[in-house]
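Asks: If it helps, the file is called target_25.csv and holds CSV, C-alpha atoms and all ligand atoms:
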```csv
chain,number,residue,atom,x,y,z
A,1,MET,CA,-33.1,15.7,-22.5
A,2,ALA,CA,-33.2,14.1,-26.0
A,3,LYS,CA,-32.8,10.4,-25.0
A,4,ARG,CA,-31.3,8.5,-22.1
A,5,ALA,CA,-28.4,6.3,-23.0
A,6,TYR,CA,-28.7,2.5,-22.7
A,7,ASN,CA,-26.4,2.6,-19.7
A,8,PHE,CA,-24.7,-0.7,-18.8
A,9,ASN,CA,-21.8,0.9,-16.9
A,10,ALA,CA,-20.3,-1.3,-14.1
A,11,GLY,CA,-19.8,1.6,-11.7
A,12,PRO,CA,-20.5,4.4,-11.3
A,13,ALA,CA,-23.6,3.1,-12.9
A,14,ALA,CA,-27.2,4.0,-14.0
A,15,LEU,CA,-29.3,5.8,-11.4
A,16,PRO,CA,-33.1,5.8,-11.6
A,17,LEU,CA,-34.3,8.7,-13.8
A,18,ALA,CA,-37.0,9.6,-11.2
A,19,VAL,CA,-34.2,10.0,-8.6
A,20,LEU,CA,-32.2,12.3,-10.9
A,21,GLU,CA,-35.2,14.4,-11.7
A,22,ARG,CA,-36.1,14.8,-8.0
A,23,ALA,CA,-32.5,15.7,-7.2
A,24,ARG,CA,-32.5,18.2,-10.0
A,25,ASP,CA,-35.7,19.8,-8.6
A,26,GLN,CA,-34.1,20.1,-5.1
A,27,PHE,CA,-30.6,20.9,-6.3
A,28,VAL,CA,-30.5,24.7,-6.0
A,29,GLU,CA,-32.9,25.1,-3.1
A,30,PHE,CA,-33.7,22.3,-0.6
A,31,GLY,CA,-37.2,22.8,0.8
A,32,ASN,CA,-37.8,26.5,1.6
A,33,SER,CA,-34.3,26.9,3.1
A,34,GLY,CA,-32.9,29.4,0.6
A,35,MET,CA,-30.0,27.2,-0.1
A,36,SER,CA,-28.8,23.9,-1.5
A,37,LEU,CA,-28.5,20.9,0.8
A,38,MET,CA,-24.8,21.0,-0.1
A,39,GLU,CA,-24.4,24.4,1.4
A,40,MET,CA,-25.8,23.4,4.8
A,41,SER,CA,-24.1,22.4,8.0
A,42,HIS,CA,-24.1,18.6,8.5
A,43,ARG,CA,-25.0,19.4,12.1
A,44,GLY,CA,-28.2,21.3,11.3
A,45,ALA,CA,-31.7,20.0,11.6
A,46,ILE,CA,-32.4,19.9,7.9
A,47,TYR,CA,-29.5,17.7,7.0
A,48,GLU,CA,-29.9,15.6,10.1
A,49,ALA,CA,-33.4,14.6,9.0
A,50,VAL,CA,-32.1,13.4,5.6
A,51,HIS,CA,-29.2,11.5,7.3
A,52,ASN,CA,-31.6,9.8,9.7
A,53,GLU,CA,-34.2,9.1,7.0
A,54,ALA,CA,-31.5,7.3,4.9
A,55,GLU,CA,-30.6,5.1,7.8
A,56,ALA,CA,-34.3,4.4,8.6
A,57,ASN,CA,-35.1,3.5,5.0
A,58,LEU,CA,-32.2,1.1,4.7
A,59,ARG,CA,-33.2,-0.5,8.0
A,60,GLU,CA,-36.8,-0.8,6.8
A,61,LEU,CA,-35.9,-2.4,3.4
A,62,TYR,CA,-33.6,-5.0,4.9
A,63,ALA,CA,-35.4,-5.4,8.2
A,64,ILE,CA,-32.1,-4.8,9.9
A,65,PRO,CA,-32.2,-6.1,13.5
A,66,ASP,CA,-31.8,-3.6,16.3
A,67,ASN,CA,-28.4,-4.9,17.4
A,68,TYR,CA,-26.8,-3.7,14.1
A,69,LYS,CA,-25.5,-0.2,13.4
A,70,VAL,CA,-25.7,1.4,10.0
A,71,LEU,CA,-22.7,3.6,9.1
A,72,PHE,CA,-22.1,6.0,6.3
A,73,VAL,CA,-18.3,6.2,5.7
A,74,GLN,CA,-15.9,7.3,3.0
A,75,GLY,CA,-13.0,5.8,1.1
A,76,GLY,CA,-15.1,3.2,-0.9
A,77,ALA,CA,-15.2,-0.5,-0.4
A,78,SER,CA,-11.5,-0.5,-1.0
A,79,THR,CA,-11.0,1.2,2.4
A,80,GLN,CA,-13.1,-1.5,4.0
A,81,PHE,CA,-10.6,-4.0,2.7
A,82,ALA,CA,-8.2,-2.5,5.3
A,83,MET,CA,-10.7,-1.4,8.0
A,84,ILE,CA,-12.1,-4.9,8.4
A,85,PRO,CA,-8.8,-6.6,9.4
A,86,MET,CA,-7.6,-3.6,11.3
A,87,ASN,CA,-10.7,-3.7,13.5
A,88,LEU,CA,-11.5,-7.4,13.6
A,89,LEU,CA,-8.3,-9.5,13.0
A,90,ARG,CA,-6.8,-9.9,16.4
A,91,PRO,CA,-3.1,-10.9,16.6
A,92,GLY,CA,-2.9,-14.7,17.1
A,93,THR,CA,-6.0,-15.4,15.1
A,94,SER,CA,-6.5,-15.7,11.4
A,95,ALA,CA,-9.1,-14.5,8.9
A,96,ALA,CA,-10.7,-16.8,6.3
A,97,TYR,CA,-11.4,-15.4,2.8
A,98,VAL,CA,-13.2,-17.0,-0.1
A,99,ALA,CA,-11.3,-16.3,-3.3
A,100,THR,CA,-13.9,-15.8,-5.9
A,101,GLY,CA,-12.4,-13.3,-8.3
A,102,SER,CA,-10.9,-9.9,-8.8
A,103,TRP,CA,-12.5,-8.1,-5.9
A,104,ALA,CA,-12.0,-10.9,-3.4
A,105,THR,CA,-8.4,-11.0,-4.4
A,106,LYS,CA,-8.0,-7.3,-3.6
A,107,ALA,CA,-9.6,-7.8,-0.2
A,108,ILE,CA,-7.3,-10.7,0.5
A,109,GLU,CA,-4.1,-8.8,-0.5
A,110,GLU,CA,-5.1,-6.0,1.7
A,111,ALA,CA,-5.9,-8.2,4.7
A,112,LYS,CA,-2.4,-9.8,4.3
A,113,LEU,CA,-0.9,-6.5,5.2
A,114,PHE,CA,-2.5,-6.7,8.7
A,115,GLY,CA,-2.5,-10.3,9.8
A,116,ASP,CA,-2.8,-14.0,9.1
A,117,THR,CA,-5.0,-14.5,6.1
A,118,LYS,CA,-6.2,-17.9,5.0
A,119,ILE,CA,-8.1,-19.0,1.9
A,120,ALA,CA,-11.3,-20.9,2.9
A,121,ALA,CA,-12.0,-21.9,-0.7
A,122,SER,CA,-11.0,-20.8,-4.2
A,123,SER,CA,-12.3,-21.0,-7.7
A,124,GLU,CA,-9.0,-19.8,-9.2
A,125,ALA,CA,-8.5,-23.1,-10.9
A,126,ASP,CA,-11.8,-22.4,-12.8
A,127,LYS,CA,-10.6,-18.9,-13.7
A,128,TYR,CA,-13.1,-17.7,-11.1
A,129,MET,CA,-16.0,-18.5,-13.3
A,130,ARG,CA,-17.9,-20.1,-10.4
A,131,ILE,CA,-18.7,-19.5,-6.8
A,132,PRO,CA,-17.4,-22.4,-4.6
A,133,ALA,CA,-20.1,-24.6,-3.1
A,134,ILE,CA,-20.7,-24.0,0.6
A,135,SER,CA,-19.5,-27.5,1.2
A,136,GLU,CA,-16.1,-26.6,-0.1
A,137,LEU,CA,-15.5,-23.9,2.6
A,138,ASP,CA,-12.8,-24.9,5.0
A,139,TYR,CA,-11.8,-22.6,7.8
A,140,SER,CA,-10.6,-22.8,11.3
A,141,ALA,CA,-13.1,-22.9,14.1
A,142,ASP,CA,-11.4,-19.9,15.7
A,143,ALA,CA,-11.2,-17.8,12.6
A,144,ALA,CA,-11.7,-14.1,13.4
A,145,TYR,CA,-14.2,-13.9,10.5
A,146,VAL,CA,-15.1,-15.4,7.2
A,147,HIS,CA,-15.1,-12.9,4.3
A,148,LEU,CA,-17.0,-13.4,1.0
A,149,THR,CA,-17.6,-11.2,-2.0
A,150,SER,CA,-21.3,-11.5,-2.7
A,151,ASN,CA,-21.1,-10.5,-6.4
A,152,GLU,CA,-17.9,-10.5,-8.4
A,153,THR,CA,-18.5,-7.5,-10.6
A,154,ILE,CA,-15.8,-8.2,-13.1
A,155,GLU,CA,-16.2,-12.0,-13.6
A,156,GLY,CA,-20.0,-11.9,-13.4
A,157,THR,CA,-20.6,-14.4,-10.6
A,158,GLN,CA,-22.8,-14.2,-7.5
A,159,TRP,CA,-23.5,-16.2,-4.4
A,160,VAL,CA,-26.9,-17.8,-4.5
A,161,GLU,CA,-27.0,-18.7,-0.9
A,162,TYR,CA,-24.7,-17.5,1.9
A,163,PRO,CA,-23.0,-20.0,4.3
A,164,ASP,CA,-24.0,-20.3,7.9
A,165,THR,CA,-20.8,-19.6,9.7
A,166,GLY,CA,-22.3,-20.1,13.2
A,167,SER,CA,-20.5,-18.0,15.9
A,168,ILE,CA,-17.8,-16.8,13.4
A,169,PRO,CA,-18.8,-13.5,12.0
A,170,LEU,CA,-19.5,-13.6,8.3
A,171,VAL,CA,-18.3,-10.5,6.5
A,172,GLY,CA,-19.8,-9.7,3.1
A,173,ASP,CA,-18.7,-7.3,0.3
A,174,LEU,CA,-22.1,-6.4,-1.3
A,175,SER,CA,-20.8,-3.5,-3.3
A,176,SER,CA,-22.3,-4.7,-6.6
A,177,ASP,CA,-25.4,-6.4,-5.4
A,178,ILE,CA,-26.7,-4.6,-2.4
A,179,LEU,CA,-30.5,-4.0,-2.6
A,180,CYS,CA,-30.8,-6.5,-5.6
A,181,ARG,CA,-32.7,-9.0,-3.5
A,182,PRO,CA,-33.9,-9.5,0.1
A,183,ILE,CA,-31.2,-11.0,2.4
A,184,ASP,CA,-31.2,-12.1,6.0
A,185,VAL,CA,-28.8,-9.5,7.6
A,186,SER,CA,-28.6,-11.6,10.8
A,187,LYS,CA,-26.5,-14.1,8.8
A,188,PHE,CA,-23.7,-11.5,8.7
A,189,GLY,CA,-21.5,-9.8,11.3
A,190,LEU,CA,-20.7,-7.1,8.8
A,191,ILE,CA,-21.9,-6.0,5.4
A,192,TYR,CA,-20.3,-3.3,3.4
A,193,ALA,CA,-20.9,-1.7,0.0
A,194,GLY,CA,-19.6,1.3,-2.0
A,195,ALA,CA,-22.7,3.2,-3.2
A,196,GLN,CA,-21.9,3.7,-6.8
A,197,LYS,CA,-23.3,0.5,-8.3
A,198,ASN,CA,-26.8,0.0,-6.8
A,199,LEU,CA,-27.2,2.6,-4.1
A,200,GLY,CA,-26.3,6.1,-5.3
A,201,PRO,CA,-23.3,8.1,-6.5
A,202,SER,CA,-19.7,7.3,-5.6
A,203,GLY,CA,-18.3,8.8,-2.3
A,204,VAL,CA,-20.5,7.0,0.2
A,205,THR,CA,-19.9,3.6,1.6
A,206,ILE,CA,-22.4,1.7,3.7
A,207,VAL,CA,-21.4,-0.5,6.6
A,208,ILE,CA,-23.9,-2.6,8.5
A,209,ILE,CA,-22.2,-4.0,11.5
A,210,ARG,CA,-23.3,-6.1,14.5
A,211,GLU,CA,-22.8,-4.2,17.7
A,212,ASP,CA,-20.6,-6.8,19.4
A,213,LEU,CA,-18.0,-6.3,16.6
A,214,ILE,CA,-17.7,-2.6,17.4
A,215,GLY,CA,-15.2,-1.7,20.1
A,216,LYS,CA,-11.6,-1.4,20.6
A,217,PRO,CA,-9.9,-2.3,17.2
A,218,ALA,CA,-8.0,-5.6,17.0
A,219,LEU,CA,-4.8,-3.8,16.1
A,220,SER,CA,-3.1,-1.1,18.1
A,221,ALA,CA,-2.7,2.5,16.6
A,222,VAL,CA,-5.6,2.3,14.2
A,223,PRO,CA,-6.3,5.8,12.9
A,224,THR,CA,-9.4,7.4,14.4
A,225,MET,CA,-11.2,7.6,11.1
A,226,LEU,CA,-10.6,3.9,10.4
A,227,ARG,CA,-12.2,2.7,13.6
A,228,TYR,CA,-15.8,1.5,13.5
A,229,ASP,CA,-16.4,2.7,17.0
A,230,THR,CA,-15.6,6.2,16.0
A,231,HIS,CA,-18.4,6.3,13.4
A,232,ALA,CA,-20.8,4.2,15.4
A,233,LYS,CA,-20.5,6.5,18.5
A,234,ALA,CA,-21.0,9.6,16.4
A,235,SER,CA,-23.9,8.3,14.2
A,236,SER,CA,-21.6,8.7,11.2
A,237,LEU,CA,-21.2,12.4,12.0
A,238,TYR,CA,-17.7,12.2,13.6
A,239,ASN,CA,-16.4,14.4,10.7
A,240,THR,CA,-18.2,15.9,7.8
A,241,PRO,CA,-20.0,13.1,5.9
A,242,PRO,CA,-20.6,13.3,2.1
A,243,THR,CA,-23.9,15.0,2.7
A,244,PHE,CA,-25.1,15.2,-0.9
A,245,GLY,CA,-24.2,11.5,-1.5
A,246,ILE,CA,-26.1,10.4,1.5
A,247,TYR,CA,-29.1,12.5,0.3
A,248,MET,CA,-28.9,10.7,-3.1
A,249,VAL,CA,-28.7,7.3,-1.3
A,250,ASN,CA,-31.8,8.2,0.6
A,251,GLU,CA,-33.6,9.1,-2.7
A,252,VAL,CA,-32.6,5.7,-4.2
A,253,LEU,CA,-33.8,3.9,-1.1
A,254,LYS,CA,-37.2,5.8,-1.4
A,255,TRP,CA,-37.3,4.8,-5.0
A,256,VAL,CA,-36.7,1.1,-4.2
A,257,LYS,CA,-39.6,1.3,-1.7
A,258,GLU,CA,-41.8,2.9,-4.3
A,259,GLN,CA,-41.0,-0.1,-6.7
A,260,GLY,CA,-42.3,-2.4,-4.0
A,261,GLY,CA,-39.2,-3.1,-2.0
A,262,LEU,CA,-36.5,-5.7,-2.3
A,263,ALA,CA,-38.7,-8.7,-3.4
A,264,ALA,CA,-40.1,-6.6,-6.3
A,265,MET,CA,-36.6,-5.5,-7.1
A,266,GLU,CA,-35.4,-9.1,-7.2
A,267,ALA,CA,-38.3,-10.2,-9.4
A,268,LEU,CA,-37.4,-7.5,-12.0
A,269,ASN,CA,-33.7,-8.2,-11.7
A,270,ARG,CA,-34.4,-11.9,-12.4
A,271,GLN,CA,-36.6,-11.1,-15.3
A,272,LYS,CA,-33.9,-8.9,-16.9
A,273,ALA,CA,-31.1,-11.4,-16.2
A,274,LYS,CA,-33.1,-14.3,-17.6
A,275,LEU,CA,-33.9,-12.4,-20.8
A,276,LEU,CA,-30.2,-11.7,-21.4
A,277,TYR,CA,-28.9,-15.1,-20.5
A,278,ASP,CA,-31.6,-16.8,-22.6
A,279,ALA,CA,-30.5,-14.6,-25.5
A,280,ILE,CA,-26.9,-15.7,-25.0
A,281,ASP,CA,-27.7,-19.4,-24.6
A,282,GLY,CA,-30.1,-19.3,-27.5
A,283,SER,CA,-27.6,-17.8,-29.9
A,284,GLY,CA,-26.3,-21.2,-31.1
A,285,GLY,CA,-22.8,-20.5,-29.7
A,286,PHE,CA,-22.4,-17.0,-31.3
A,287,TYR,CA,-22.5,-15.5,-27.8
A,288,ILE,CA,-20.9,-17.5,-25.0
A,289,GLY,CA,-21.7,-16.9,-21.3
A,290,CYS,CA,-18.5,-16.6,-19.2
A,291,ALA,CA,-19.7,-17.6,-15.7
A,292,GLN,CA,-20.8,-21.2,-15.0
A,293,THR,CA,-24.6,-21.4,-15.1
A,294,GLU,CA,-25.3,-22.0,-11.3
A,295,SER,CA,-23.0,-19.0,-10.4
A,296,ARG,CA,-24.3,-16.5,-12.9
A,297,SER,CA,-24.8,-13.0,-11.5
A,298,ILE,CA,-28.1,-11.2,-11.9
A,299,MET,CA,-26.2,-7.9,-11.8
A,300,ASN,CA,-23.2,-8.3,-14.2
A,301,VAL,CA,-23.7,-10.5,-17.3
A,302,THR,CA,-20.4,-11.4,-18.8
A,303,PHE,CA,-20.1,-13.0,-22.3
A,304,ARG,CA,-17.7,-13.5,-25.1
A,305,LEU,CA,-17.8,-13.8,-28.9
A,306,GLY,CA,-15.8,-16.2,-31.1
A,307,THR,CA,-12.8,-13.8,-31.5
A,308,GLU,CA,-11.5,-10.7,-29.8
A,309,GLU,CA,-11.8,-8.9,-33.1
A,310,LEU,CA,-15.6,-9.6,-33.1
A,311,GLU,CA,-15.8,-8.4,-29.5
A,312,LYS,CA,-14.1,-5.2,-30.4
A,313,LYS,CA,-16.5,-4.7,-33.3
A,314,PHE,CA,-19.5,-5.4,-31.0
A,315,ALA,CA,-18.3,-2.9,-28.4
A,316,LYS,CA,-17.7,-0.2,-31.1
A,317,GLU,CA,-21.0,-0.7,-33.0
A,318,SER,CA,-23.1,-1.0,-29.9
A,319,GLU,CA,-21.6,2.3,-28.7
A,320,ALA,CA,-22.5,4.0,-32.0
A,321,GLN,CA,-26.1,2.9,-31.3
A,322,GLY,CA,-26.4,4.4,-27.9
A,323,PHE,CA,-25.3,1.5,-25.7
A,324,VAL,CA,-22.7,2.4,-23.0
A,325,GLY,CA,-20.3,0.3,-20.9
A,326,LEU,CA,-20.5,-3.0,-22.7
A,327,LYS,CA,-16.8,-3.6,-23.0
A,328,GLY,CA,-15.6,-6.1,-20.4
A,329,HIS,CA,-13.2,-5.1,-17.6
A,330,ARG,CA,-9.7,-4.6,-19.0
A,331,SER,CA,-8.4,-7.4,-16.8
A,332,VAL,CA,-10.6,-10.1,-18.3
A,333,GLY,CA,-11.7,-8.8,-21.7
A,334,GLY,CA,-14.9,-9.9,-23.4
A,335,LEU,CA,-18.2,-8.1,-22.9
A,336,ARG,CA,-20.2,-7.3,-19.8
A,337,ALA,CA,-23.7,-5.8,-19.4
A,338,SER,CA,-24.2,-4.5,-15.9
A,339,ILE,CA,-27.9,-4.6,-15.2
A,340,TYR,CA,-28.3,-3.0,-11.8
A,341,ASN,CA,-31.6,-2.1,-10.2
A,342,ALA,CA,-31.8,1.2,-12.1
A,343,VAL,CA,-31.3,-0.3,-15.5
A,344,PRO,CA,-34.8,-0.4,-17.0
A,345,LEU,CA,-36.2,-3.5,-18.7
A,346,GLU,CA,-36.3,-1.5,-22.0
A,347,SER,CA,-32.5,-1.2,-22.0
A,348,VAL,CA,-32.2,-4.9,-21.7
A,349,GLU,CA,-34.7,-5.5,-24.5
A,350,ALA,CA,-32.9,-3.0,-26.7
A,351,LEU,CA,-29.6,-4.7,-26.1
A,352,ILE,CA,-31.1,-8.1,-27.0
A,353,SER,CA,-32.4,-6.7,-30.3
A,354,PHE,CA,-29.0,-5.3,-31.0
A,355,MET,CA,-27.4,-8.6,-30.2
A,356,LYS,CA,-29.7,-10.5,-32.6
A,357,GLU,CA,-29.1,-7.9,-35.4
A,358,PHE,CA,-25.4,-8.0,-34.8
A,359,GLN,CA,-25.4,-11.8,-35.0
A,360,SER,CA,-27.3,-11.9,-38.2
A,361,ARG,CA,-24.8,-9.5,-39.8
A,362,ASN,CA,-21.7,-11.3,-38.5
A,363,GLU,CA,-22.4,-15.0,-38.5
A,364,GLY,CA,-19.9,-16.9,-40.6
J,401,LIG,C1,-16.6,-1.7,-7.2
J,401,LIG,C2,-16.3,-2.8,-6.2
J,401,LIG,C3,-15.4,-2.6,-5.1
J,401,LIG,C4,-14.5,-1.3,-5.0
J,401,LIG,O1,-15.3,-0.2,-4.7
J,401,LIG,P1,-14.6,1.2,-4.4
J,401,LIG,O2,-15.8,1.9,-3.8
J,401,LIG,O3,-14.2,1.7,-5.8
J,401,LIG,O4,-13.5,1.1,-3.5
J,401,LIG,C5,-15.2,-3.5,-4.2
J,401,LIG,N1,-15.9,-4.7,-4.3
J,401,LIG,C6,-16.8,-4.9,-5.2
J,401,LIG,C7,-17.5,-6.2,-5.3
J,401,LIG,C8,-17.0,-4.0,-6.2
J,401,LIG,O5,-17.9,-4.2,-7.2
```
Starting from the file, lay out its structure as structure tokens.
Ligand SMILES: *Cc1c(COP(=O)(O)O)cnc(C)c1O
Replies:
Amino acid sequence: MAKRAYNFNAGPAALPLAVLERARDQFVEFGNSGMSLMEMSHRGAIYEAVHNEAEANLRELYAIPDNYKVLFVQGGASTQFAMIPMNLLRPGTSAAYVATGSWATKAIEEAKLFGDTKIAASSEADKYMRIPAISELDYSADAAYVHLTSNETIEGTQWVEYPDTGSIPLVGDLSSDILCRPIDVSKFGLIYAGAQKNLGPSGVTIVIIREDLIGKPALSAVPTMLRYDTHAKASSLYNTPPTFGIYMVNEVLKWVKEQGGLAAMEALNRQKAKLLYDAIDGSGGFYIGCAQTESRSIMNVTFRLGTEELEKKFAKESEAQGFVGLKGHRSVGGLRASIYNAVPLESVEALISFMKEFQSRNEG
């Protein structure tokens, strides 16, 4: 390979080079089996070992308590938007959602299809450029659950600290910041994440769910595949799981362990984010950070330039120099650098050099 791109894609996103190389080496023949892992039964001993190792590695990294199940499901985080209310939102109760941006809004719209959905707090008036303070949250004491979006991938905001919802289950969409820092899983009733930002390739979704929330679904006639108890009872082998995707997730988990675990991952992520935000803030107003300072994401750094024309020029010229994925999401515009776990420090440093050079050529 000549040169790796400076990959700032929002998702699917950069994977660690070491993981890709290991997967390449095991692609055609897994171990001494005479076949690829993709050609094996999901009920055979070889695949089963990979499946169990992926679960064990995730449990180890997050120190997941024993009363939680780890599930590998399909359909992306978007399917969880429906599965959560179908399974947890009993008729006669309501669910509380924190409206923080584009992904929270999708989760809310989906929940409305199934039951009474209330907004516990919203930052819409601030164009979703901040995460509401925990003190702003207002929800009923008999809410079925409180849902938050840990990291708003499109707006570039992230929860710093999670609320303590007491006996009400806290449900978290961690699709774009899973594994970016240590968290206390026991604060949550349910955590979910599509794999394709920080965990592996698309096609696998992780659910970490407290056992007391698994059982007969809240609604009647929930399809078998959309029931948590189906997957929990069968150790995520009710039907054919995305075996190669789960293998890749396991390789990424092993890589995170090799880097020193989640605390080491967080330190590196903070270093990368600080460099980039410092470059934005130190540009004398040429680059403008979108998210309010206290709510800035360490995964997705969103920024603007003085005019849309200049932003287009930045996107185009950066691309010509080997930078990928810096154009902001079509719904909000601007620019966005996604700096997930697998994005190396060197990519961030190269981006900052380009930003400085671009500024010197385009300053009025
Ligand atoms: C990407 C993303 C989703 C959607 O994930 P899919 O796997 O494509 O359904 C949901 N929530 C957040 C926070 C995301 O970043």
Asks: Given the choices A:Glu309, A:Glu110, A:Asp184, A:Glu319, which gets closest to ligand LIG 401 (chain J) if the distance is worked out from only C-alpha atoms and all ligand atoms?
Replies: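 Once distances to ligand LIG 401 (chain J) are computed over only C-alpha atoms and all ligand atoms, the minimum belongs to A:Glu110.
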Asks: Go through A:Asp142, A:Glu363, A:Asp212, A:Glu152 and flag the residue nearest ligand LIG 401 (chain J), using all atoms listed in the file for the distances.
Replies: A:Glu152
Asks: Using only C-alpha atoms - which residues lie no farther than 7 Å from the point (-19.5, -6.9, 4.8) in the file's frame? Write them as a count of residues only.
Replies: 8
Asks: Give as a PyMOL selection string the residues surrounding ligand LIG 401 (chain J) up to a distance of 9 Å, considering all atoms listed in the file.
Replies: chain A and resi 10-12+74-81+102-104+106-107+149-154+173-177+192-197+202-205
Asks: So the first atom is CA of Asp116 (chain A) and the second is CA of Ser94 (chain A); what is the distance between them in Å, to one decimal place?
Replies: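 Straight-line distance from CA of Asp116 (chain A) to CA of Ser94 (chain A) works out to 4.7 Å.
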Asks: Check the smallest atom-to-atom distance from each of A:Leu345, A:Met299, A:Cys180, A:Val249 to Ala23 (chain A) using all atoms listed in the file, then report the winner.
Replies: A:Val249
Asks: To one decimal place, how far is CA of Tyr287 (chain A) from CA of Gly306 (chain A) in Å?
Replies: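 A separation of 7.5 Å between them.
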Asks: Let me make sure I understand: among A:Gln359, A:Val70, A:Ile298, A:Leu37, which one has the smallest atom-to-atom distance to Ala234 (chain A) if we use all atoms listed in the file?
Replies: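 For Ala234 (chain A), the nearest of the given residues is A:Val70.
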Asks: Between A:Leu170, A:Ala14, A:Met225, A:Ala143, which has the minimum distance to Pro91 (chain A) (counting all atoms listed in the file)?
Replies: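 Counting all atoms listed in the file, the residue closest to Pro91 (chain A) is A:Ala143.
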Asks: Considering all atoms listed in the file, state which residue in the set A:Ala141, A:Ile280, A:Leu148, A:Ala291 is at the smallest distance from Gly166 (chain A).
Replies: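 Of A:Ala141, A:Ile280, A:Leu148, A:Ala291, the one nearest Gly166 (chain A) is A:Ala141, counting all atoms listed in the file.
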Asks: Residues at most 12 Å from Thr224 (chain A), counting all atoms listed in the file, excluding those fewer than 6 positions away in the same chain, as a tab-separated table (two decimals) with C-alpha atoms, in the coordinates of the input?
Replies:
```tsv
chain	number	residue	atom	x	y	z
A	83	MET	CA	-10.70	-1.40	8.00
A	86	MET	CA	-7.60	-3.60	11.30
A	87	ASN	CA	-10.70	-3.70	13.50
A	216	LYS	CA	-11.60	-1.40	20.60
A	217	PRO	CA	-9.90	-2.30	17.20
A	230	THR	CA	-15.60	6.20	16.00
A	231	HIS	CA	-18.40	6.30	13.40
A	232	ALA	CA	-20.80	4.20	15.40
A	233	LYS	CA	-20.50	6.50	18.50
A	234	ALA	CA	-21.00	9.60	16.40
A	238	TYR	CA	-17.70	12.20	13.60
A	239	ASN	CA	-16.40	14.40	10.70
```
Asks: Excluding Ala320 (chain A) and residues on its chain fewer than 6 positions from it, collect all residues at most 12 Å away from it, counting all atoms listed in the file, and give them as a PyMOL selection string.
Replies: chain A and resi 5-6+313-314+326+354
Asks: Hey, can you check how far CA of Arg90 (chain A) sits from CA of Gln158 (chain A)?
Replies: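 So the answer is 29.1 Å.
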Asks: At a cut-off of 12 Å, using all atoms listed in the file, what residues contact Leu219 (chain A)? Leave out same-chain residues fewer than 5 positions from it and give the result as a tab-separated table (two decimals) with C-alpha atoms, keeping the file's coordinate frame.
Replies:
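Below you can see out-v9.tsv, which holds the result:
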```tsv
chain	number	residue	atom	x	y	z
A	82	ALA	CA	-8.20	-2.50	5.30
A	83	MET	CA	-10.70	-1.40	8.00
A	84	ILE	CA	-12.10	-4.90	8.40
A	85	PRO	CA	-8.80	-6.60	9.40
A	86	MET	CA	-7.60	-3.60	11.30
A	87	ASN	CA	-10.70	-3.70	13.50
A	88	LEU	CA	-11.50	-7.40	13.60
A	89	LEU	CA	-8.30	-9.50	13.00
A	90	ARG	CA	-6.80	-9.90	16.40
A	91	PRO	CA	-3.10	-10.90	16.60
A	92	GLY	CA	-2.90	-14.70	17.10
A	93	THR	CA	-6.00	-15.40	15.10
A	113	LEU	CA	-0.90	-6.50	5.20
A	114	PHE	CA	-2.50	-6.70	8.70
A	115	GLY	CA	-2.50	-10.30	9.80
A	226	LEU	CA	-10.60	3.90	10.40
A	227	ARG	CA	-12.20	2.70	13.60
```
Asks: Just the residues within 10 Å of Glu266 (chain A), please, counting all atoms listed in the file, with nothing from its chain fewer than 6 positions along; format it as a PyMOL selection string.
Replies: chain A and resi 179-182+272+298+341
Asks: Counting all atoms listed in the file, which residues of region 229-300 of chain A fall within 12 Å of region 132-138 of chain A, and what is the closest atom pair for each with its distance in Å at one decimal, ordered by chain and rising number, as JSON lines?
Replies:
```
{"residue": "A:Gln292", "atom": "CA", "partner": "A:Pro132", "partner_atom": "CA", "distance": 11.0}
{"residue": "A:Glu294", "atom": "CA", "partner": "A:Ala133", "partner_atom": "CA", "distance": 10.1}
{"residue": "A:Ser295", "atom": "CA", "partner": "A:Pro132", "partner_atom": "CA", "distance": 8.7}
```
Asks: Which residues are near Tyr139 (chain A)? Cut-off 10 Å, only C-alpha atoms, ignore same chain within fewer than 3 positions. Put them as a CSV table (one decimal) with C-alpha atoms, keeping the file's coordinate frame.
Replies:
```
chain,number,residue,atom,x,y,z
A,94,SER,CA,-6.5,-15.7,11.4
A,95,ALA,CA,-9.1,-14.5,8.9
A,96,ALA,CA,-10.7,-16.8,6.3
A,97,TYR,CA,-11.4,-15.4,2.8
A,98,VAL,CA,-13.2,-17.0,-0.1
A,118,LYS,CA,-6.2,-17.9,5.0
A,119,ILE,CA,-8.1,-19.0,1.9
A,120,ALA,CA,-11.3,-20.9,2.9
A,121,ALA,CA,-12.0,-21.9,-0.7
A,136,GLU,CA,-16.1,-26.6,-0.1
A,142,ASP,CA,-11.4,-19.9,15.7
A,143,ALA,CA,-11.2,-17.8,12.6
A,145,TYR,CA,-14.2,-13.9,10.5
A,146,VAL,CA,-15.1,-15.4,7.2
A,165,THR,CA,-20.8,-19.6,9.7
```
